[in-house]
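Enquirer: Here it is, the structure, as structure tokens.
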Amino acid sequence: MRHFSVWAGVAAISIALFLNACSTNGTGVLKIDFKSPVTEQGNTSFSLSSFSIDALMNGSMSLYSVVSAIDAAATDSSISCIYMRPDNLSASLAQMEEIRASLKRFRDSGKSIIAYCESLTNESYYIASVADRIVLNPASENYITGLATSQLFLKDALDALGVDVQLIRHGKYKSAGEMFTRSDFSKENYEQNKVMVTSLWNSMCQEISDSRGLGDGEFAGWVDNLSLTAPEVFKEYGLVDELWHKDQLDDYICEIAGIPVIKMVRFVSLKKYIEKQAKVQKKRNKKSKGKIAVVYANGEIVMSSDQMSTSGDVIVGRDLASTLAKVRNDDNIKAVVFRVNSPGGSVVASELIKRELDLLRAKKPVVASYGDYAASGGYWISAEADRIFTDRTTLTGSIGCFSMIPNVGGAFHKIARVNIATVGSSKHSDMMAGMRQLDEAEVEFLQNQVEEIYDRFTTIVSNGRKMSKDSVDNIAQGRVWAGSDALDINLTDEVGGLKDAIAYAAGLIGVDNYGLVEYPESVPFSFMSLLASDTDLDETVTSDSESQVSSMLGRTLPFAAVVRRSKSPVMMARMPVVYSFD
């Protein structure tokens, strides 16, 4: 086991330099408290899944605005250092990766970062580890245990209700729908999830180890052995530099700076700094020689607005296609960055979006930037972009499709003692009514459609990625890949965030002084607007898996939503679940 006896002395010197730079010489400290959640576009919608009073009152910050502000601070002579509280951060893994990369760039510029943590989790330490100095509360509770994800399986519950679900799919890894047809992971589904979660965790561990000067596998080994317990252990292993209460950190800042109270240090909040940078960008847009449009595709892909989810995070195919047409016809826009954060959805809606994107690419370059997800339909719509940037923690691929047909006729009889009798004009006219099992001919009919869609999907990927269809099929089959692995199998071109994609797009058009416009336009969020909306707060806090259960079983009768959905069966190119990691 390594010991770090020199850390205390180095820490004192570094903090002294840090604080002297940030106090009396007229420069400020960029304070990042992460009280507002980070979202893809910022203030366009709001979910109470991460409920807090601060979040309700402050709204959200867009990922691009956070990253841009930190990058601007690196070259701003009025900002000498960053002081951050990472344990407040509410963001996805991919968003954290991009924020951490911007913090690393800030540190590489020669400026310092200090992080104060009152507790440590996988995510908060991942962000904190980029700092020069990490101060941990000596009474902290610490839970760095690695990544895990759980999935619900409803077959036993549906069996008890008399509901049968038939799943038609292509791809042994296309596990979407298995939650309704199985009681546990299939072998292939377990395999892809194990590889994916391990890859995400390895990426995080590598970045942490690089920042803290740890040996290969050292940090991961401590986590596996549950060695990271008391705060003293974190300091002994060199994972943190000081064990101080907040008032002790404040006192030390005052002592080193030679000022009586902490309030005299000139802190600049991240939110205020973002507002300042927005004004700078607005002036730049007016002087620009050409514009780059960032078009956000954020959420599940649906065909029409009446399929909106309670969280509001959907891509309406017709609306996004219309937006892309508008961008295509705007001669002031010279290039497009297509920011994809989608687990997929409707095949028809995905193809509608892709067609409009094809027309757009014929007139101007399109660079794709992947957020948390660019899977199934999310990959369908972007696979032919001129270049694809991905985060290491992006989930992508899932090249496959499926359809599900519920049979609730047995449930009507089992629960309500109601019998269903049907009269139809044709032999198979009631096959989509959801009141009986499909016969062999009907299953074959749907399977043929699934095969045609899969062939279309692999053709798109083959054309976009310059690969043979056999090569695509080998990495497809519905399998979900972590971004770091997707790069190795040629599903993407480069590891990088949204800012990297924008810079690449600017290079394609040879414009340094470019303006930046976003589509759809952000809608300001306020607490009063939430109260004025007809959002069901109980539904808003429902997790993705729970909302799938609610939509499948219904709120009044267990099979009501199934009946409703069975009237409009669709082919889906979608990930099995929207992942959350503990």
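Convention: chains lettered A, B, ... in structure tokens order; per-chain residue numbering from 1; ligands numbered from 1 as shown.
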May I have a table of the residues of range 436-525 of chain A lying at most 12 Å from range 199-205 of chain A, giving each one's closest pair of atoms and their distance in Å to one decimal, counting only C-alpha atoms, ordered by chain and ascending residue number, as CSV?
Expert:
```
residue,atom,partner,partner_atom,distance
A:Val480,CA,A:Ser199,CA,11.7
A:Trp481,CA,A:Ser199,CA,8.9
A:Ala482,CA,A:Ser199,CA,6.5
A:Gly483,CA,A:Leu200,CA,8.4
A:Ser484,CA,A:Ser199,CA,7.4
A:Asp485,CA,A:Ser199,CA,7.5
A:Ala486,CA,A:Ser199,CA,10.7
A:Val495,CA,A:Ser203,CA,11.9
```
Enquirer: Would you put the residues from that selection into a file with N, CA, C and O atoms, as an mmCIF file, in the first residue's frame?
Expert:
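Ended up saving to selection10.cif:
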```cif
data_model
loop_
_atom_site.group_PDB
_atom_site.id
_atom_site.type_symbol
_atom_site.label_atom_id
_atom_site.label_comp_id
_atom_site.auth_asym_id
_atom_site.auth_seq_id
_atom_site.Cartn_x
_atom_site.Cartn_y
_atom_site.Cartn_z
ATOM 1 N N VAL A 480 -25.809 -2.689 -26.991
ATOM 2 C CA VAL A 480 -25.488 -1.352 -26.503
ATOM 3 C C VAL A 480 -24.001 -1.298 -26.163
ATOM 4 O O VAL A 480 -23.470 -2.202 -25.505
ATOM 5 N N TRP A 481 -23.339 -0.231 -26.604
ATOM 6 C CA TRP A 481 -21.902 -0.068 -26.361
ATOM 7 C C TRP A 481 -21.632 1.219 -25.596
ATOM 8 O O TRP A 481 -22.285 2.236 -25.834
ATOM 9 N N ALA A 482 -20.657 1.184 -24.706
ATOM 10 C CA ALA A 482 -20.150 2.410 -24.087
ATOM 11 C C ALA A 482 -19.364 3.184 -25.134
ATOM 12 O O ALA A 482 -18.785 2.609 -26.061
ATOM 13 N N GLY A 483 -19.317 4.516 -24.990
ATOM 14 C CA GLY A 483 -18.656 5.351 -25.976
ATOM 15 C C GLY A 483 -17.210 4.976 -26.220
ATOM 16 O O GLY A 483 -16.736 5.008 -27.363
ATOM 17 N N SER A 484 -16.491 4.613 -25.164
ATOM 18 C CA SER A 484 -15.078 4.250 -25.323
ATOM 19 C C SER A 484 -14.925 3.008 -26.182
ATOM 20 O O SER A 484 -13.961 2.881 -26.953
ATOM 21 N N ASP A 485 -15.869 2.065 -26.081
ATOM 22 C CA ASP A 485 -15.825 0.858 -26.908
ATOM 23 C C ASP A 485 -16.345 1.128 -28.310
ATOM 24 O O ASP A 485 -15.875 0.526 -29.286
ATOM 25 N N ALA A 486 -17.328 2.016 -28.432
ATOM 26 C CA ALA A 486 -17.888 2.351 -29.740
ATOM 27 C C ALA A 486 -16.822 2.927 -30.657
ATOM 28 O O ALA A 486 -16.848 2.707 -31.884
ATOM 29 N N VAL A 495 -13.331 10.829 -29.467
ATOM 30 C CA VAL A 495 -13.809 11.154 -28.126
ATOM 31 C C VAL A 495 -13.742 12.667 -27.942
ATOM 32 O O VAL A 495 -12.695 13.286 -28.179
#
```
Enquirer: Neighbours of Trp380 in chain A within 10 Å (only C-alpha atoms; same-chain residues fewer than 6 positions away dropped), as a list in words?
Expert: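 Everything that qualifies: Gly344, Val347, Ser350, Glu351, Ile353, Lys354, Ala374, Gly397, Ser398, Ile399, Gly400, Arg456, Phe457, Thr458, Ile460, Val461, Gly464 and Ala573 of chain A.
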Enquirer: Based on the selection just made, write N, CA, C and O atoms of those residues as a CSV table (one decimal), in the first residue's frame.
Expert:
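Done, and the output landed in again.csv:
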```
chain,number,residue,atom,x,y,z
A,344,GLY,N,-33.6,6.5,-28.6
A,344,GLY,CA,-34.4,6.0,-29.7
A,344,GLY,C,-35.9,6.1,-29.5
A,344,GLY,O,-36.4,6.8,-28.7
A,347,VAL,N,-39.6,4.1,-35.3
A,347,VAL,CA,-38.8,3.9,-36.5
A,347,VAL,C,-39.3,5.0,-37.5
A,347,VAL,O,-38.5,5.6,-38.2
A,350,SER,N,-38.0,8.3,-36.7
A,350,SER,CA,-36.5,8.4,-36.9
A,350,SER,C,-36.2,8.6,-38.3
A,350,SER,O,-35.3,9.3,-38.7
A,351,GLU,N,-36.9,7.9,-39.2
A,351,GLU,CA,-36.7,8.0,-40.6
A,351,GLU,C,-37.1,9.3,-41.2
A,351,GLU,O,-36.4,9.9,-42.1
A,353,ILE,N,-36.8,12.1,-39.5
A,353,ILE,CA,-35.7,13.0,-39.1
A,353,ILE,C,-34.5,12.8,-40.0
A,353,ILE,O,-33.9,13.8,-40.5
A,354,LYS,N,-34.2,11.5,-40.2
A,354,LYS,CA,-33.0,11.2,-41.0
A,354,LYS,C,-33.1,11.8,-42.4
A,354,LYS,O,-32.1,12.3,-43.0
A,374,ALA,N,-27.0,7.8,-27.7
A,374,ALA,CA,-27.2,8.0,-29.1
A,374,ALA,C,-27.4,6.5,-29.6
A,374,ALA,O,-26.6,6.0,-30.3
A,397,GLY,N,-25.0,2.7,-30.2
A,397,GLY,CA,-25.2,1.5,-30.9
A,397,GLY,C,-26.7,1.0,-30.8
A,397,GLY,O,-27.6,1.7,-31.2
A,398,SER,N,-26.9,-0.2,-30.2
A,398,SER,CA,-28.2,-0.7,-30.0
A,398,SER,C,-28.9,-0.8,-31.4
A,398,SER,O,-30.1,-0.4,-31.6
A,399,ILE,N,-28.1,-1.3,-32.4
A,399,ILE,CA,-28.6,-1.3,-33.8
A,399,ILE,C,-29.5,-2.5,-33.9
A,399,ILE,O,-29.1,-3.7,-34.0
A,400,GLY,N,-30.8,-2.3,-33.9
A,400,GLY,CA,-31.8,-3.4,-33.9
A,400,GLY,C,-33.2,-2.8,-33.8
A,400,GLY,O,-33.4,-1.6,-33.7
A,456,ARG,N,-32.7,-2.2,-43.3
A,456,ARG,CA,-32.6,-0.7,-43.5
A,456,ARG,C,-31.6,-0.1,-42.6
A,456,ARG,O,-30.8,0.8,-43.0
A,457,PHE,N,-31.7,-0.4,-41.3
A,457,PHE,CA,-30.8,0.2,-40.3
A,457,PHE,C,-29.4,-0.1,-40.5
A,457,PHE,O,-28.5,0.7,-40.5
A,458,THR,N,-29.1,-1.4,-40.8
A,458,THR,CA,-27.7,-1.8,-41.1
A,458,THR,C,-27.1,-1.2,-42.3
A,458,THR,O,-25.9,-0.9,-42.4
A,460,ILE,N,-28.0,1.8,-43.4
A,460,ILE,CA,-27.7,3.2,-43.1
A,460,ILE,C,-26.3,3.3,-42.4
A,460,ILE,O,-25.5,4.1,-42.7
A,461,VAL,N,-26.1,2.4,-41.4
A,461,VAL,CA,-24.8,2.4,-40.7
A,461,VAL,C,-23.7,2.0,-41.6
A,461,VAL,O,-22.6,2.6,-41.6
A,464,GLY,N,-22.9,5.1,-43.7
A,464,GLY,CA,-22.4,6.2,-42.9
A,464,GLY,C,-21.0,6.0,-42.3
A,464,GLY,O,-20.2,6.9,-42.2
A,573,ALA,N,-37.2,1.3,-32.6
A,573,ALA,CA,-35.7,1.3,-32.6
A,573,ALA,C,-35.3,2.0,-31.3
A,573,ALA,O,-35.1,3.2,-31.3
```
Enquirer: Taking the DSSP assignment computed from this structure's backbone, write out as a PyMOL selection string all residues of range 101-266 of chain A that belong to helix (DSSP H, G or I).
Expert: chain A and resi 101-108+122-128+155-161+178-181+187-212+218-224+231-236+246-257+262-264
Enquirer: Excluding range 262-264 of chain A and residues on its chain fewer than 6 positions from it, collect all residues at most 8 Å away from it, counting only C-alpha atoms, and give them as an NGL selection string.
Expert: :A and (23 or 250-251 or 253-254)
Enquirer: Using the chain letters and numbers from this document, which residues of range 311-534 of chain A does DSSP assign to strand (DSSP E), as a PyMOL selection string?
Expert: chain A and resi 314-316+333-342+344-346+366-375+387-390+395-397+401-407+480-482+494-495+514-519
Enquirer: Can you pull out the residues contacting Phe234 in chain A? Cut-off 10 Å, using only C-alpha atoms, and skip same-chain residues under 6 positions away; I want them as a count of residues only.
Expert: 8
Enquirer: For Pro37 in chain A, find every residue with an atom within 8 Å (counting only C-alpha atoms), except residues of its own chain fewer than 6 positions away, and show them as a short mmCIF file (atom, residue, chain, number, x, y, z; two decimals) with C-alpha atoms, in the first residue's frame.
Expert:
```
data_model
loop_
_atom_site.label_atom_id
_atom_site.label_comp_id
_atom_site.auth_asym_id
_atom_site.auth_seq_id
_atom_site.Cartn_x
_atom_site.Cartn_y
_atom_site.Cartn_z
CA ALA A 55 -33.31 23.53 -8.40
CA GLY A 59 -33.87 26.43 -12.92
CA SER A 60 -31.18 24.53 -14.80
CA MET A 61 -27.92 25.33 -16.55
CA LEU A 89 -23.81 18.27 -8.76
CA SER A 90 -26.91 16.93 -10.51
CA ALA A 91 -25.90 15.75 -13.98
#
```
Enquirer: Need the shell around Ser62 in chain A: protein/DNA/RNA residues with any atom at most 8 Å away, counting only C-alpha atoms. Skip same-chain ones fewer than 3 positions apart. Format as a PyMOL selection string?
Expert: chain A and resi 38-43+65-66
Enquirer: Measuring atom to atom with only C-alpha atoms, identify which of A:Tyr273, A:Tyr379, A:Tyr296, A:Tyr143 is nearest to Val29 in chain A.
Expert: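 The closest residue to Val29 in chain A is A:Tyr273.
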Enquirer: Would you mind telling me which residue in A:Tyr519, A:Ser68, A:Thr198, A:Ala505 lies nearest to Lys271 in chain A when using only C-alpha atoms?
Expert: A:Ser68
Enquirer: Closest to Gln277 in chain A among A:Val511, A:Val517, A:Val67, A:Ala220, using only C-alpha atoms?
Expert: A:Val67
